[in-house]
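Structure data follow from coords33.cif (mmCIF, C-alpha atoms):
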data_start
loop_
_atom_site.label_atom_id
_atom_site.label_comp_id
_atom_site.auth_asym_id
_atom_site.auth_seq_id
_atom_site.Cartn_x
_atom_site.Cartn_y
_atom_site.Cartn_z
CA MET A 1 -31.14 -20.75 -2.58
CA LYS A 2 -27.90 -18.80 -2.90
CA HIS A 3 -25.22 -20.21 -5.18
CA GLU A 4 -21.59 -19.30 -5.51
CA ILE A 5 -20.88 -17.02 -8.46
CA LYS A 6 -18.19 -18.47 -10.73
CA PHE A 7 -16.45 -17.14 -13.82
CA ALA A 8 -15.76 -19.57 -16.68
CA ARG A 9 -14.66 -19.16 -20.27
CA LEU A 10 -17.41 -18.66 -22.83
CA SER A 11 -15.98 -21.60 -24.77
CA GLU A 12 -17.18 -23.86 -21.92
CA ILE A 13 -20.84 -22.97 -22.58
CA ASP A 14 -23.05 -24.66 -25.17
CA PRO A 15 -23.45 -22.19 -28.08
CA GLN A 16 -27.18 -23.05 -28.21
CA GLU A 17 -27.56 -21.75 -24.65
CA ILE A 18 -25.84 -18.47 -25.52
CA ALA A 19 -27.95 -18.16 -28.67
CA ALA A 20 -31.16 -18.65 -26.67
CA HIS A 21 -29.98 -16.08 -24.11
CA MET A 22 -29.14 -13.48 -26.76
CA SER A 23 -32.41 -14.12 -28.62
CA ASP A 24 -34.55 -13.16 -25.61
CA ARG A 25 -36.34 -9.88 -26.35
CA ARG A 26 -35.87 -8.75 -22.72
CA VAL A 27 -32.09 -8.89 -23.24
CA ALA A 28 -32.27 -7.05 -26.57
CA GLU A 29 -34.25 -4.17 -24.98
CA HIS A 30 -31.05 -2.76 -23.48
CA MET A 31 -28.63 -3.69 -26.25
CA PRO A 32 -29.02 -1.21 -29.13
CA LEU A 33 -26.07 -2.79 -30.97
CA LEU A 34 -27.79 -6.18 -30.99
CA THR A 35 -29.38 -6.06 -34.42
CA SER A 36 -29.00 -9.55 -35.86
CA THR A 37 -30.60 -12.88 -35.08
CA TRP A 38 -28.78 -15.37 -32.92
CA ASP A 39 -28.40 -19.06 -33.69
CA ALA A 40 -25.70 -21.59 -32.78
CA LYS A 41 -23.48 -20.37 -35.65
CA ALA A 42 -23.73 -16.74 -34.47
CA ALA A 43 -22.98 -17.85 -30.91
CA ARG A 44 -19.90 -19.80 -32.05
CA GLU A 45 -18.65 -16.72 -33.94
CA PHE A 46 -19.32 -14.56 -30.87
CA ILE A 47 -17.38 -16.99 -28.64
CA ALA A 48 -14.45 -17.05 -31.09
CA ASN A 49 -14.44 -13.24 -31.21
CA LYS A 50 -14.41 -12.96 -27.42
CA GLU A 51 -11.69 -15.61 -27.12
CA ALA A 52 -9.56 -13.51 -29.52
CA TYR A 53 -9.58 -10.70 -26.92
CA TRP A 54 -8.18 -13.14 -24.37
CA ALA A 55 -5.40 -14.03 -26.81
CA ARG A 56 -4.68 -10.36 -27.62
CA ASP A 57 -5.04 -8.78 -24.15
CA GLY A 58 -4.78 -11.64 -21.68
CA LEU A 59 -8.26 -10.78 -20.46
CA GLY A 60 -11.75 -10.72 -21.88
CA HIS A 61 -15.33 -11.77 -21.28
CA TRP A 62 -16.37 -14.66 -19.09
CA ALA A 63 -19.44 -16.82 -18.81
CA PHE A 64 -21.06 -16.23 -15.41
CA LEU A 65 -22.31 -19.21 -13.47
CA SER A 66 -24.50 -19.34 -10.38
CA GLY A 67 -23.65 -22.71 -8.93
CA ASN A 68 -23.11 -24.57 -12.19
CA ARG A 69 -25.92 -22.82 -14.09
CA TYR A 70 -25.08 -20.35 -16.89
CA VAL A 71 -26.65 -17.00 -16.00
CA GLY A 72 -24.97 -14.66 -18.48
CA TRP A 73 -21.73 -13.27 -19.79
CA GLY A 74 -19.56 -10.21 -19.45
CA GLY A 75 -16.27 -8.94 -18.21
CA PHE A 76 -13.53 -6.67 -19.44
CA GLN A 77 -12.73 -5.67 -22.99
CA LYS A 78 -9.90 -3.35 -23.91
CA GLU A 79 -11.18 -0.33 -25.85
CA GLY A 80 -8.14 1.78 -26.78
CA ASP A 81 -6.43 2.53 -23.47
CA GLU A 82 -9.51 1.77 -21.37
CA TRP A 83 -10.93 -1.44 -19.95
CA ASP A 84 -14.67 -1.45 -20.52
CA TYR A 85 -16.85 -3.67 -18.34
CA GLY A 86 -19.98 -5.25 -19.73
CA LEU A 87 -22.63 -7.48 -18.19
CA VAL A 88 -25.40 -9.32 -20.06
CA LEU A 89 -27.56 -11.50 -17.82
CA LYS A 90 -30.37 -13.90 -18.60
CA PRO A 91 -33.70 -12.38 -17.50
CA ASP A 92 -34.14 -14.90 -14.66
CA ALA A 93 -30.74 -13.78 -13.31
CA PHE A 94 -31.17 -9.99 -13.49
CA GLY A 95 -30.90 -9.79 -9.68
CA LEU A 96 -27.34 -11.18 -9.79
CA GLY A 97 -25.87 -8.10 -11.50
CA LEU A 98 -24.51 -6.47 -8.36
CA PRO A 99 -22.86 -9.56 -6.82
CA ILE A 100 -21.32 -10.53 -10.17
CA SER A 101 -20.09 -6.98 -10.76
CA LYS A 102 -18.65 -6.72 -7.25
CA LYS A 103 -16.67 -9.91 -7.86
CA ALA A 104 -15.48 -8.56 -11.23
CA MET A 105 -14.47 -5.22 -9.66
CA THR A 106 -12.50 -7.09 -6.97
CA PHE A 107 -10.66 -8.79 -9.84
CA ALA A 108 -10.06 -5.40 -11.55
CA THR A 109 -8.73 -3.83 -8.35
CA ALA A 110 -6.21 -6.66 -7.96
CA ASP A 111 -5.06 -6.45 -11.61
CA GLU A 112 -2.36 -3.82 -12.15
CA ARG A 113 -3.32 -3.50 -15.84
CA ILE A 114 -6.67 -1.96 -14.86
CA PRO A 115 -6.30 1.47 -13.18
CA PHE A 116 -9.97 2.21 -13.88
CA VAL A 117 -12.98 0.61 -15.52
CA THR A 118 -15.50 2.22 -17.86
CA PHE A 119 -19.15 1.31 -18.32
CA LEU A 120 -21.26 2.20 -21.37
CA LEU A 121 -25.00 2.15 -20.72
CA PRO A 122 -27.74 2.79 -23.27
CA PRO A 123 -30.32 5.47 -22.43
CA SER A 124 -32.91 2.69 -21.92
CA ARG A 125 -31.11 1.71 -18.68
CA GLU A 126 -32.85 3.81 -16.06
CA HIS A 127 -32.12 1.88 -12.85
CA LEU A 128 -28.51 2.73 -12.07
CA GLY A 129 -28.42 2.18 -8.31
CA GLY A 130 -26.08 -0.80 -8.55
CA LEU A 131 -23.62 1.19 -10.64
CA HIS A 132 -23.64 4.00 -8.08
CA ARG A 133 -23.22 1.52 -5.22
CA LEU A 134 -20.06 0.27 -6.93
CA GLY A 135 -18.78 3.86 -6.87
CA ALA A 136 -18.89 4.64 -10.59
CA VAL A 137 -19.24 8.29 -11.63
CA PHE A 138 -20.88 9.72 -14.73
CA VAL A 139 -18.35 10.89 -17.35
CA GLY A 140 -20.64 12.03 -20.16
CA GLU A 141 -22.71 11.07 -23.16
CA ILE A 142 -20.89 9.39 -26.05
CA GLU A 143 -21.70 7.76 -29.36
CA TYR A 144 -20.49 4.20 -29.98
CA ASP A 145 -21.10 2.50 -33.34
CA GLY A 146 -23.71 5.15 -34.11
CA GLU A 147 -25.71 4.68 -30.90
CA PRO A 148 -25.87 6.96 -27.84
CA PHE A 149 -24.52 5.70 -24.52
CA ARG A 150 -23.91 7.12 -21.07
CA LYS A 151 -20.32 6.59 -19.97
CA TYR A 152 -19.34 5.95 -16.34
CA ARG A 153 -15.94 5.40 -14.76
CA LEU A 154 -14.80 3.57 -11.65
CA GLU A 155 -11.28 4.02 -10.26
CA THR A 156 -9.76 0.67 -9.29
CA SER A 157 -6.29 1.72 -8.14
#
Structure re-expressed in structure tokens:
Amino acid sequence: MKHEIKFARLSEIDPQEIAAHMSDRRVAEHMPLLTSTWDAKAAREFIANKEAYWARDGLGHWAFLSGNRYVGWGGFQKEGDEWDYGLVLKPDAFGLGLPISKKAMTFATADERIPFVTFLLPPSREHLGGLHRLGAVFVGEIEYDGEPFRKYRLETS
């Protein structure tokens, strides 16, 4: 059954649900910067941190809903002069990455603040077809917080 994809604020999601999501080993496999344990307190701190980006930049990360069910989080975060896009889905929602990202890229294209979007992917991410279908191009290998990532860029203007 296909459900409408909706974007909500992370503050609308129960911190326990986010903690359970981020504690799943299948999620951690592709998140080399995820090194601590998640509980409700960590989730509340995470939500507060992401809400601070909204206050600072007028944009940030959303909770993604399929119908009314939380399926993950992600969105845009300003890194210097660039808007980086991230997507972290629950394992039972991995197939929703492309439709969620297409909706997010439609948002980016309509937002004059975002002339392009960057994506940082860890080397463990081998299936990049969805990224290529969006039109992103490989920029190069970078190090972020001591971990290697592959950087891609998508023009939105």
Test item: residues at most 6 Å from segment 8-16 of chain A, only C-alpha atoms, excluding those fewer than 3 positions along its chain, as a PyMOL selection string: chain A and resi 19+40+43-44+62-63
Interatomic distance (Å, one decimal) between atom CA of Leu96 of chain A and atom CA of Arg25 of chain A: 18.9 Å
Shortest interatomic distance to Thr156 of chain A - which of A:Phe107, A:Phe119, A:Phe138, A:Phe94, counting all atoms listed in the file: A:Phe107
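Selection by the PyMOL selection byres ((chain A and resi 153) around 7) on the present file picks out Phe116, Val117, Thr118, Phe119, Ala136, Val137, Phe138, Val139, Lys151, Tyr152, Leu154 and Glu155 of chain A.
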Residue contacts of Leu98 of chain A (7 Å, only C-alpha atoms) excluding same-chain residues fewer than 3 positions away, as a PyMOL selection string: chain A and resi 101-102+130
Test item: residues at most 12 Å from Ala93 of chain A, all atoms listed in the file, excluding those fewer than 6 positions along its chain, as an MDAnalysis selection string: chainID A and resid 2:3 5 21 26:27 64:66 69:73 87 99:100
Let me see the file: selected residues, C-alpha atoms, as a PDB file, in the frame of the given file.
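Saved as result03.pdb:
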ATOM      1  CA  LYS A   2     -27.900 -18.800  -2.900  1.00  0.00           C
ATOM      2  CA  HIS A   3     -25.220 -20.210  -5.180  1.00  0.00           C
ATOM      3  CA  ILE A   5     -20.880 -17.020  -8.460  1.00  0.00           C
ATOM      4  CA  HIS A  21     -29.980 -16.080 -24.110  1.00  0.00           C
ATOM      5  CA  ARG A  26     -35.870  -8.750 -22.720  1.00  0.00           C
ATOM      6  CA  VAL A  27     -32.090  -8.890 -23.240  1.00  0.00           C
ATOM      7  CA  PHE A  64     -21.060 -16.230 -15.410  1.00  0.00           C
ATOM      8  CA  LEU A  65     -22.310 -19.210 -13.470  1.00  0.00           C
ATOM      9  CA  SER A  66     -24.500 -19.340 -10.380  1.00  0.00           C
ATOM     10  CA  ARG A  69     -25.920 -22.820 -14.090  1.00  0.00           C
ATOM     11  CA  TYR A  70     -25.080 -20.350 -16.890  1.00  0.00           C
ATOM     12  CA  VAL A  71     -26.650 -17.000 -16.000  1.00  0.00           C
ATOM     13  CA  GLY A  72     -24.970 -14.660 -18.480  1.00  0.00           C
ATOM     14  CA  TRP A  73     -21.730 -13.270 -19.790  1.00  0.00           C
ATOM     15  CA  LEU A  87     -22.630  -7.480 -18.190  1.00  0.00           C
ATOM     16  CA  PRO A  99     -22.860  -9.560  -6.820  1.00  0.00           C
ATOM     17  CA  ILE A 100     -21.320 -10.530 -10.170  1.00  0.00           C
TER      18      ILE A 100
END
Residues returned when the PyMOL selection byres ((chain A and resi 85) around 6) runs on this file, as a PyMOL selection string: chain A and resi 75-76+84+86+119
N, CA, C and O atoms of segment 84-113 of chain A from block above, as a PDB file, in the first residue's frame:
ATOM      1  N   ASP A  84      24.165  20.550   2.735  1.00  0.00           N
ATOM      2  CA  ASP A  84      24.355  19.110   2.654  1.00  0.00           C
ATOM      3  C   ASP A  84      23.019  18.418   2.905  1.00  0.00           C
ATOM      4  O   ASP A  84      22.264  18.823   3.792  1.00  0.00           O
ATOM      5  N   TYR A  85      22.743  17.383   2.120  1.00  0.00           N
ATOM      6  CA  TYR A  85      21.512  16.622   2.277  1.00  0.00           C
ATOM      7  C   TYR A  85      21.846  15.272   2.888  1.00  0.00           C
ATOM      8  O   TYR A  85      22.754  14.577   2.439  1.00  0.00           O
ATOM      9  N   GLY A  86      21.102  14.905   3.911  1.00  0.00           N
ATOM     10  CA  GLY A  86      21.274  13.613   4.547  1.00  0.00           C
ATOM     11  C   GLY A  86      19.949  12.881   4.634  1.00  0.00           C
ATOM     12  O   GLY A  86      18.880  13.502   4.639  1.00  0.00           O
ATOM     13  N   LEU A  87      20.018  11.572   4.683  1.00  0.00           N
ATOM     14  CA  LEU A  87      18.827  10.726   4.741  1.00  0.00           C
ATOM     15  C   LEU A  87      19.159   9.500   5.570  1.00  0.00           C
ATOM     16  O   LEU A  87      20.107   8.773   5.264  1.00  0.00           O
ATOM     17  N   VAL A  88      18.401   9.278   6.640  1.00  0.00           N
ATOM     18  CA  VAL A  88      18.610   8.126   7.520  1.00  0.00           C
ATOM     19  C   VAL A  88      17.247   7.457   7.709  1.00  0.00           C
ATOM     20  O   VAL A  88      16.398   7.966   8.448  1.00  0.00           O
ATOM     21  N   LEU A  89      17.056   6.339   7.032  1.00  0.00           N
ATOM     22  CA  LEU A  89      15.765   5.647   7.069  1.00  0.00           C
ATOM     23  C   LEU A  89      15.798   4.448   7.997  1.00  0.00           C
ATOM     24  O   LEU A  89      16.853   3.839   8.209  1.00  0.00           O
ATOM     25  N   LYS A  90      14.622   4.103   8.525  1.00  0.00           N
ATOM     26  CA  LYS A  90      14.480   2.865   9.274  1.00  0.00           C
ATOM     27  C   LYS A  90      14.648   1.709   8.278  1.00  0.00           C
ATOM     28  O   LYS A  90      14.272   1.846   7.110  1.00  0.00           O
ATOM     29  N   PRO A  91      15.205   0.589   8.696  1.00  0.00           N
ATOM     30  CA  PRO A  91      15.435  -0.513   7.767  1.00  0.00           C
ATOM     31  C   PRO A  91      14.193  -0.965   6.991  1.00  0.00           C
ATOM     32  O   PRO A  91      14.299  -1.307   5.812  1.00  0.00           O
ATOM     33  N   ASP A  92      13.020  -0.931   7.610  1.00  0.00           N
ATOM     34  CA  ASP A  92      11.821  -1.368   6.884  1.00  0.00           C
ATOM     35  C   ASP A  92      11.334  -0.315   5.890  1.00  0.00           C
ATOM     36  O   ASP A  92      10.355  -0.534   5.181  1.00  0.00           O
ATOM     37  N   ALA A  93      12.051   0.815   5.805  1.00  0.00           N
ATOM     38  CA  ALA A  93      11.674   1.887   4.877  1.00  0.00           C
ATOM     39  C   ALA A  93      12.799   2.200   3.880  1.00  0.00           C
ATOM     40  O   ALA A  93      12.735   3.207   3.186  1.00  0.00           O
ATOM     41  N   PHE A  94      13.814   1.339   3.810  1.00  0.00           N
ATOM     42  CA  PHE A  94      14.941   1.620   2.927  1.00  0.00           C
ATOM     43  C   PHE A  94      14.496   1.879   1.479  1.00  0.00           C
ATOM     44  O   PHE A  94      15.089   2.665   0.785  1.00  0.00           O
ATOM     45  N   GLY A  95      13.451   1.258   1.024  1.00  0.00           N
ATOM     46  CA  GLY A  95      12.969   1.453  -0.340  1.00  0.00           C
ATOM     47  C   GLY A  95      12.347   2.814  -0.603  1.00  0.00           C
ATOM     48  O   GLY A  95      12.061   3.159  -1.757  1.00  0.00           O
ATOM     49  N   LEU A  96      12.159   3.623   0.438  1.00  0.00           N
ATOM     50  CA  LEU A  96      11.551   4.945   0.264  1.00  0.00           C
ATOM     51  C   LEU A  96      12.574   6.053   0.032  1.00  0.00           C
ATOM     52  O   LEU A  96      12.212   7.222  -0.122  1.00  0.00           O
ATOM     53  N   GLY A  97      13.851   5.703  -0.022  1.00  0.00           N
ATOM     54  CA  GLY A  97      14.902   6.710  -0.173  1.00  0.00           C
ATOM     55  C   GLY A  97      14.748   7.584  -1.404  1.00  0.00           C
ATOM     56  O   GLY A  97      14.858   8.810  -1.322  1.00  0.00           O
ATOM     57  N   LEU A  98      14.483   6.975  -2.554  1.00  0.00           N
ATOM     58  CA  LEU A  98      14.372   7.761  -3.781  1.00  0.00           C
ATOM     59  C   LEU A  98      13.145   8.671  -3.781  1.00  0.00           C
ATOM     60  O   LEU A  98      13.282   9.865  -4.055  1.00  0.00           O
ATOM     61  N   PRO A  99      11.938   8.183  -3.441  1.00  0.00           N
ATOM     62  CA  PRO A  99      10.807   9.111  -3.436  1.00  0.00           C
ATOM     63  C   PRO A  99      10.946  10.245  -2.409  1.00  0.00           C
ATOM     64  O   PRO A  99      10.567  11.386  -2.688  1.00  0.00           O
ATOM     65  N   ILE A 100      11.517   9.943  -1.248  1.00  0.00           N
ATOM     66  CA  ILE A 100      11.728  10.992  -0.248  1.00  0.00           C
ATOM     67  C   ILE A 100      12.743  12.006  -0.775  1.00  0.00           C
ATOM     68  O   ILE A 100      12.535  13.220  -0.691  1.00  0.00           O
ATOM     69  N   SER A 101      13.827  11.508  -1.352  1.00  0.00           N
ATOM     70  CA  SER A 101      14.872  12.403  -1.857  1.00  0.00           C
ATOM     71  C   SER A 101      14.370  13.233  -3.036  1.00  0.00           C
ATOM     72  O   SER A 101      14.721  14.415  -3.153  1.00  0.00           O
ATOM     73  N   LYS A 102      13.559  12.655  -3.894  1.00  0.00           N
ATOM     74  CA  LYS A 102      12.997  13.434  -5.000  1.00  0.00           C
ATOM     75  C   LYS A 102      12.149  14.586  -4.475  1.00  0.00           C
ATOM     76  O   LYS A 102      12.222  15.707  -4.970  1.00  0.00           O
ATOM     77  N   LYS A 103      11.348  14.303  -3.459  1.00  0.00           N
ATOM     78  CA  LYS A 103      10.514  15.363  -2.855  1.00  0.00           C
ATOM     79  C   LYS A 103      11.407  16.434  -2.233  1.00  0.00           C
ATOM     80  O   LYS A 103      11.146  17.632  -2.372  1.00  0.00           O
ATOM     81  N   ALA A 104      12.470  16.025  -1.549  1.00  0.00           N
ATOM     82  CA  ALA A 104      13.392  16.981  -0.932  1.00  0.00           C
ATOM     83  C   ALA A 104      14.111  17.807  -2.002  1.00  0.00           C
ATOM     84  O   ALA A 104      14.302  19.015  -1.835  1.00  0.00           O
ATOM     85  N   MET A 105      14.492  17.184  -3.124  1.00  0.00           N
ATOM     86  CA  MET A 105      15.185  17.920  -4.186  1.00  0.00           C
ATOM     87  C   MET A 105      14.234  18.891  -4.891  1.00  0.00           C
ATOM     88  O   MET A 105      14.646  19.971  -5.320  1.00  0.00           O
ATOM     89  N   THR A 106      12.956  18.553  -4.964  1.00  0.00           N
ATOM     90  CA  THR A 106      11.961  19.497  -5.490  1.00  0.00           C
ATOM     91  C   THR A 106      11.906  20.719  -4.586  1.00  0.00           C
ATOM     92  O   THR A 106      11.851  21.862  -5.058  1.00  0.00           O
ATOM     93  N   PHE A 107      11.944  20.495  -3.284  1.00  0.00           N
ATOM     94  CA  PHE A 107      11.978  21.591  -2.315  1.00  0.00           C
ATOM     95  C   PHE A 107      13.234  22.443  -2.542  1.00  0.00           C
ATOM     96  O   PHE A 107      13.161  23.671  -2.601  1.00  0.00           O
ATOM     97  N   ALA A 108      14.403  21.791  -2.683  1.00  0.00           N
ATOM     98  CA  ALA A 108      15.670  22.512  -2.855  1.00  0.00           C
ATOM     99  C   ALA A 108      15.660  23.348  -4.131  1.00  0.00           C
ATOM    100  O   ALA A 108      16.144  24.484  -4.143  1.00  0.00           O
ATOM    101  N   THR A 109      15.113  22.796  -5.201  1.00  0.00           N
ATOM    102  CA  THR A 109      15.063  23.509  -6.478  1.00  0.00           C
ATOM    103  C   THR A 109      14.209  24.767  -6.360  1.00  0.00           C
ATOM    104  O   THR A 109      14.510  25.791  -6.984  1.00  0.00           O
ATOM    105  N   ALA A 110      13.166  24.721  -5.566  1.00  0.00           N
ATOM    106  CA  ALA A 110      12.268  25.868  -5.396  1.00  0.00           C
ATOM    107  C   ALA A 110      12.808  26.897  -4.400  1.00  0.00           C
ATOM    108  O   ALA A 110      12.298  28.012  -4.333  1.00  0.00           O
ATOM    109  N   ASP A 111      13.833  26.558  -3.631  1.00  0.00           N
ATOM    110  CA  ASP A 111      14.368  27.439  -2.599  1.00  0.00           C
ATOM    111  C   ASP A 111      15.596  28.178  -3.138  1.00  0.00           C
ATOM    112  O   ASP A 111      16.624  27.559  -3.416  1.00  0.00           O
ATOM    113  N   GLU A 112      15.498  29.476  -3.268  1.00  0.00           N
ATOM    114  CA  GLU A 112      16.583  30.281  -3.836  1.00  0.00           C
ATOM    115  C   GLU A 112      17.872  30.227  -3.019  1.00  0.00           C
ATOM    116  O   GLU A 112      18.942  30.539  -3.536  1.00  0.00           O
ATOM    117  N   ARG A 113      17.790  29.843  -1.754  1.00  0.00           N
ATOM    118  CA  ARG A 113      18.989  29.765  -0.915  1.00  0.00           C
ATOM    119  C   ARG A 113      19.876  28.592  -1.305  1.00  0.00           C
ATOM    120  O   ARG A 113      21.034  28.529  -0.896  1.00  0.00           O
TER     121      ARG A 113
END
